[in-house]
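Asker: So here's target-v3.json, just JSON, N, CA and C atoms:
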```json
[["chain", "number", "residue", "atom", "x", "y", "z"],
["P", 1, "MET", "N", 0.85, -1.18, 0.00],
["P", 1, "MET", "CA", 0.00, 0.00, 0.00],
["P", 1, "MET", "C", 0.89, 1.24, 0.00],
["P", 2, "SER", "N", 0.55, 2.19, -0.83],
["P", 2, "SER", "CA", 1.31, 3.43, -0.83],
["P", 2, "SER", "C", 0.35, 4.61, -0.75],
["P", 3, "VAL", "N", 0.87, 5.70, -0.26],
["P", 3, "VAL", "CA", 0.08, 6.91, -0.10],
["P", 3, "VAL", "C", 0.81, 8.02, -0.84],
["P", 4, "SER", "N", 0.09, 8.75, -1.64],
["P", 4, "SER", "CA", 0.73, 9.81, -2.42],
["P", 4, "SER", "C", 1.12, 10.98, -1.53],
["P", 5, "GLU", "N", 2.09, 11.73, -1.99],
["P", 5, "GLU", "CA", 2.54, 12.92, -1.26],
["P", 5, "GLU", "C", 1.39, 13.91, -1.10],
["P", 6, "HIS", "N", 0.56, 14.02, -2.11],
["P", 6, "HIS", "CA", -0.59, 14.93, -2.06],
["P", 6, "HIS", "C", -1.54, 14.54, -0.92],
["P", 7, "THR", "N", -1.79, 13.25, -0.78],
["P", 7, "THR", "CA", -2.68, 12.77, 0.28],
["P", 7, "THR", "C", -2.13, 13.10, 1.66],
["P", 8, "VAL", "N", -0.83, 12.88, 1.83],
["P", 8, "VAL", "CA", -0.20, 13.19, 3.12],
["P", 8, "VAL", "C", -0.31, 14.68, 3.41],
["P", 9, "ARG", "N", 0.01, 15.51, 2.44],
["P", 9, "ARG", "CA", -0.09, 16.96, 2.64],
["P", 9, "ARG", "C", -1.51, 17.38, 2.97],
["P", 10, "ASP", "N", -2.47, 16.78, 2.28],
["P", 10, "ASP", "CA", -3.87, 17.12, 2.51],
["P", 10, "ASP", "C", -4.29, 16.75, 3.94],
["P", 11, "HIS", "N", -3.83, 15.63, 4.43],
["P", 11, "HIS", "CA", -4.18, 15.21, 5.79],
["P", 11, "HIS", "C", -3.45, 16.03, 6.85],
["P", 12, "LEU", "N", -2.29, 16.56, 6.52],
["P", 12, "LEU", "CA", -1.53, 17.35, 7.48],
["P", 12, "LEU", "C", -1.99, 18.81, 7.57],
["P", 13, "LYS", "N", -2.72, 19.28, 6.59],
["P", 13, "LYS", "CA", -3.17, 20.68, 6.59],
["P", 13, "LYS", "C", -3.89, 21.06, 7.88],
["P", 14, "PRO", "N", -4.88, 20.30, 8.35],
["P", 14, "PRO", "CA", -5.55, 20.69, 9.59],
["P", 14, "PRO", "C", -4.64, 20.61, 10.82],
["P", 15, "VAL", "N", -3.66, 19.73, 10.78],
["P", 15, "VAL", "CA", -2.73, 19.61, 11.90],
["P", 15, "VAL", "C", -1.92, 20.89, 12.05],
["P", 16, "PHE", "N", -1.47, 21.44, 10.92],
["P", 16, "PHE", "CA", -0.67, 22.65, 10.94],
["P", 16, "PHE", "C", -1.53, 23.91, 11.05],
["P", 17, "ALA", "N", -2.77, 23.86, 10.61],
["P", 17, "ALA", "CA", -3.62, 25.05, 10.61],
["P", 17, "ALA", "C", -3.99, 25.49, 12.03],
["P", 18, "LYS", "N", -4.31, 24.55, 12.89],
["P", 18, "LYS", "CA", -4.77, 24.91, 14.23],
["P", 18, "LYS", "C", -3.70, 25.66, 15.03],
["P", 19, "PRO", "N", -2.46, 25.17, 15.10],
["P", 19, "PRO", "CA", -1.44, 25.91, 15.85],
["P", 19, "PRO", "C", -0.80, 27.04, 15.04],
["P", 20, "ALA", "N", -1.29, 27.30, 13.84],
["P", 20, "ALA", "CA", -0.81, 28.39, 12.98],
["P", 20, "ALA", "C", 0.68, 28.29, 12.68],
["P", 21, "THR", "N", 1.11, 27.13, 12.19],
["P", 21, "THR", "CA", 2.49, 26.97, 11.74],
["P", 21, "THR", "C", 2.53, 25.96, 10.62],
["P", 22, "ASN", "N", 3.53, 26.08, 9.77],
["P", 22, "ASN", "CA", 3.74, 25.07, 8.73],
["P", 22, "ASN", "C", 5.14, 24.47, 8.86],
["P", 23, "ASP", "N", 5.77, 24.72, 9.99],
["P", 23, "ASP", "CA", 7.10, 24.20, 10.27],
["P", 23, "ASP", "C", 6.97, 23.04, 11.26],
["P", 24, "ARG", "N", 7.35, 21.87, 10.84],
["P", 24, "ARG", "CA", 7.20, 20.68, 11.69],
["P", 24, "ARG", "C", 8.02, 20.78, 12.96],
["P", 25, "ARG", "N", 9.19, 21.41, 12.88],
["P", 25, "ARG", "CA", 10.01, 21.56, 14.09],
["P", 25, "ARG", "C", 9.32, 22.42, 15.13],
["P", 26, "VAL", "N", 8.70, 23.50, 14.70],
["P", 26, "VAL", "CA", 7.98, 24.38, 15.62],
["P", 26, "VAL", "C", 6.78, 23.64, 16.21],
["P", 27, "LEU", "N", 6.06, 22.93, 15.37],
["P", 27, "LEU", "CA", 4.91, 22.17, 15.83],
["P", 27, "LEU", "C", 5.33, 21.13, 16.87],
["P", 28, "LEU", "N", 6.42, 20.42, 16.62],
["P", 28, "LEU", "CA", 6.91, 19.42, 17.56],
["P", 28, "LEU", "C", 7.35, 20.07, 18.87],
["P", 29, "ALA", "N", 8.03, 21.20, 18.79],
["P", 29, "ALA", "CA", 8.47, 21.90, 20.00],
["P", 29, "ALA", "C", 7.26, 22.34, 20.83],
["P", 30, "ARG", "N", 6.24, 22.84, 20.18],
["P", 30, "ARG", "CA", 5.03, 23.26, 20.89],
["P", 30, "ARG", "C", 4.33, 22.07, 21.54],
["P", 31, "ALA", "N", 4.27, 20.95, 20.82],
["P", 31, "ALA", "CA", 3.63, 19.76, 21.37],
["P", 31, "ALA", "C", 4.39, 19.24, 22.58],
["P", 32, "ARG", "N", 5.71, 19.25, 22.50],
["P", 32, "ARG", "CA", 6.52, 18.79, 23.63],
["P", 32, "ARG", "C", 6.34, 19.71, 24.83],
["P", 33, "ALA", "N", 6.35, 21.01, 24.59],
["P", 33, "ALA", "CA", 6.17, 21.97, 25.68],
["P", 33, "ALA", "C", 4.81, 21.79, 26.34],
["P", 34, "ARG", "N", 3.81, 21.55, 25.53],
["P", 34, "ARG", "CA", 2.46, 21.36, 26.07],
["P", 34, "ARG", "C", 2.38, 20.06, 26.88],
["P", 35, "ALA", "N", 3.03, 19.02, 26.40],
["P", 35, "ALA", "CA", 3.01, 17.74, 27.10],
["P", 35, "ALA", "C", 3.74, 17.84, 28.44],
["P", 36, "LEU", "N", 4.76, 18.70, 28.50],
["P", 36, "LEU", "CA", 5.52, 18.88, 29.73],
["P", 36, "LEU", "C", 4.88, 19.89, 30.66],
["P", 37, "GLY", "N", 3.83, 20.56, 30.18],
["P", 37, "GLY", "CA", 3.12, 21.52, 31.01],
["P", 37, "GLY", "C", 3.80, 22.86, 31.13],
["P", 38, "THR", "N", 4.58, 23.22, 30.10],
["P", 38, "THR", "CA", 5.26, 24.52, 30.14],
["P", 38, "THR", "C", 4.60, 25.51, 29.23]]
```
Write the structure described by the file as structure tokens, please.
Answerer:
Amino acid sequence: MSVSEHTVRDHLKPVFAKPATNDRRVLLARARARALGT
């Protein structure tokens, strides 16, 4: 089974839209900070 790049991007759009970023590193840093309660 394979998934096209377009499909992946389409599914990631809402993930990046809510925290207002398109940078995965920033999103990951925010998620880690939130998980740690900072």
Asker: Provide the atom CA of Thr21 of chain P to atom CA of Arg9 of chain P distance in Å, to one decimal place.
Answerer: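 Pair atom CA of Thr21 of chain P / atom CA of Arg9 of chain P returns 13.8 Å.
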Asker: Just give me the gap between atom CA of Val3 of chain P and atom CA of Val26 of chain P in Å, one decimal is fine.
Answerer: 24.8 Å
Asker: Within 12 Å of segment 31-36 of chain P, counting only C-alpha atoms, which residues qualify if same-chain residues fewer than 3 places away don't, as a list in words?
Answerer: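 Everything that qualifies: Val15, Phe16, Pro19, Arg24, Arg25, Val26, Leu27 and Leu28 of chain P.
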Asker: Mind pulling up the distance from atom C of Arg30 of chain P to atom N of Pro14 of chain P?
Answerer: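 Separation between atom N of Pro14 of chain P and atom C of Arg30 of chain P: 16.2 Å.
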Asker: Where in chain P does DSSP assign helix (DSSP H, G or I), given as a list in words?
Answerer: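 After running DSSP on the backbone, chain P has helix (DSSP H, G or I) at Glu5, His6, Thr7, Val8, Arg9, Asp10, His11, Leu12, Lys13, Pro14, Val15, Phe16, Ala17, Arg24, Arg25, Val26, Leu27, Leu28, Ala29, Arg30, Ala31, Arg32, Ala33, Arg34, Ala35 and Leu36 of chain P.
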Asker: Could you write out as JSON the box around segment 12-20 of chain P (axis-aligned, all atoms listed in the file, 6 Å on each side), with centre and edge lengths in Å to one decimal?
Answerer:
```
{"center_x": -2.4, "center_y": 22.5, "center_z": 11.2, "size_x": 18.2, "size_y": 23.8, "size_z": 21.3}
```
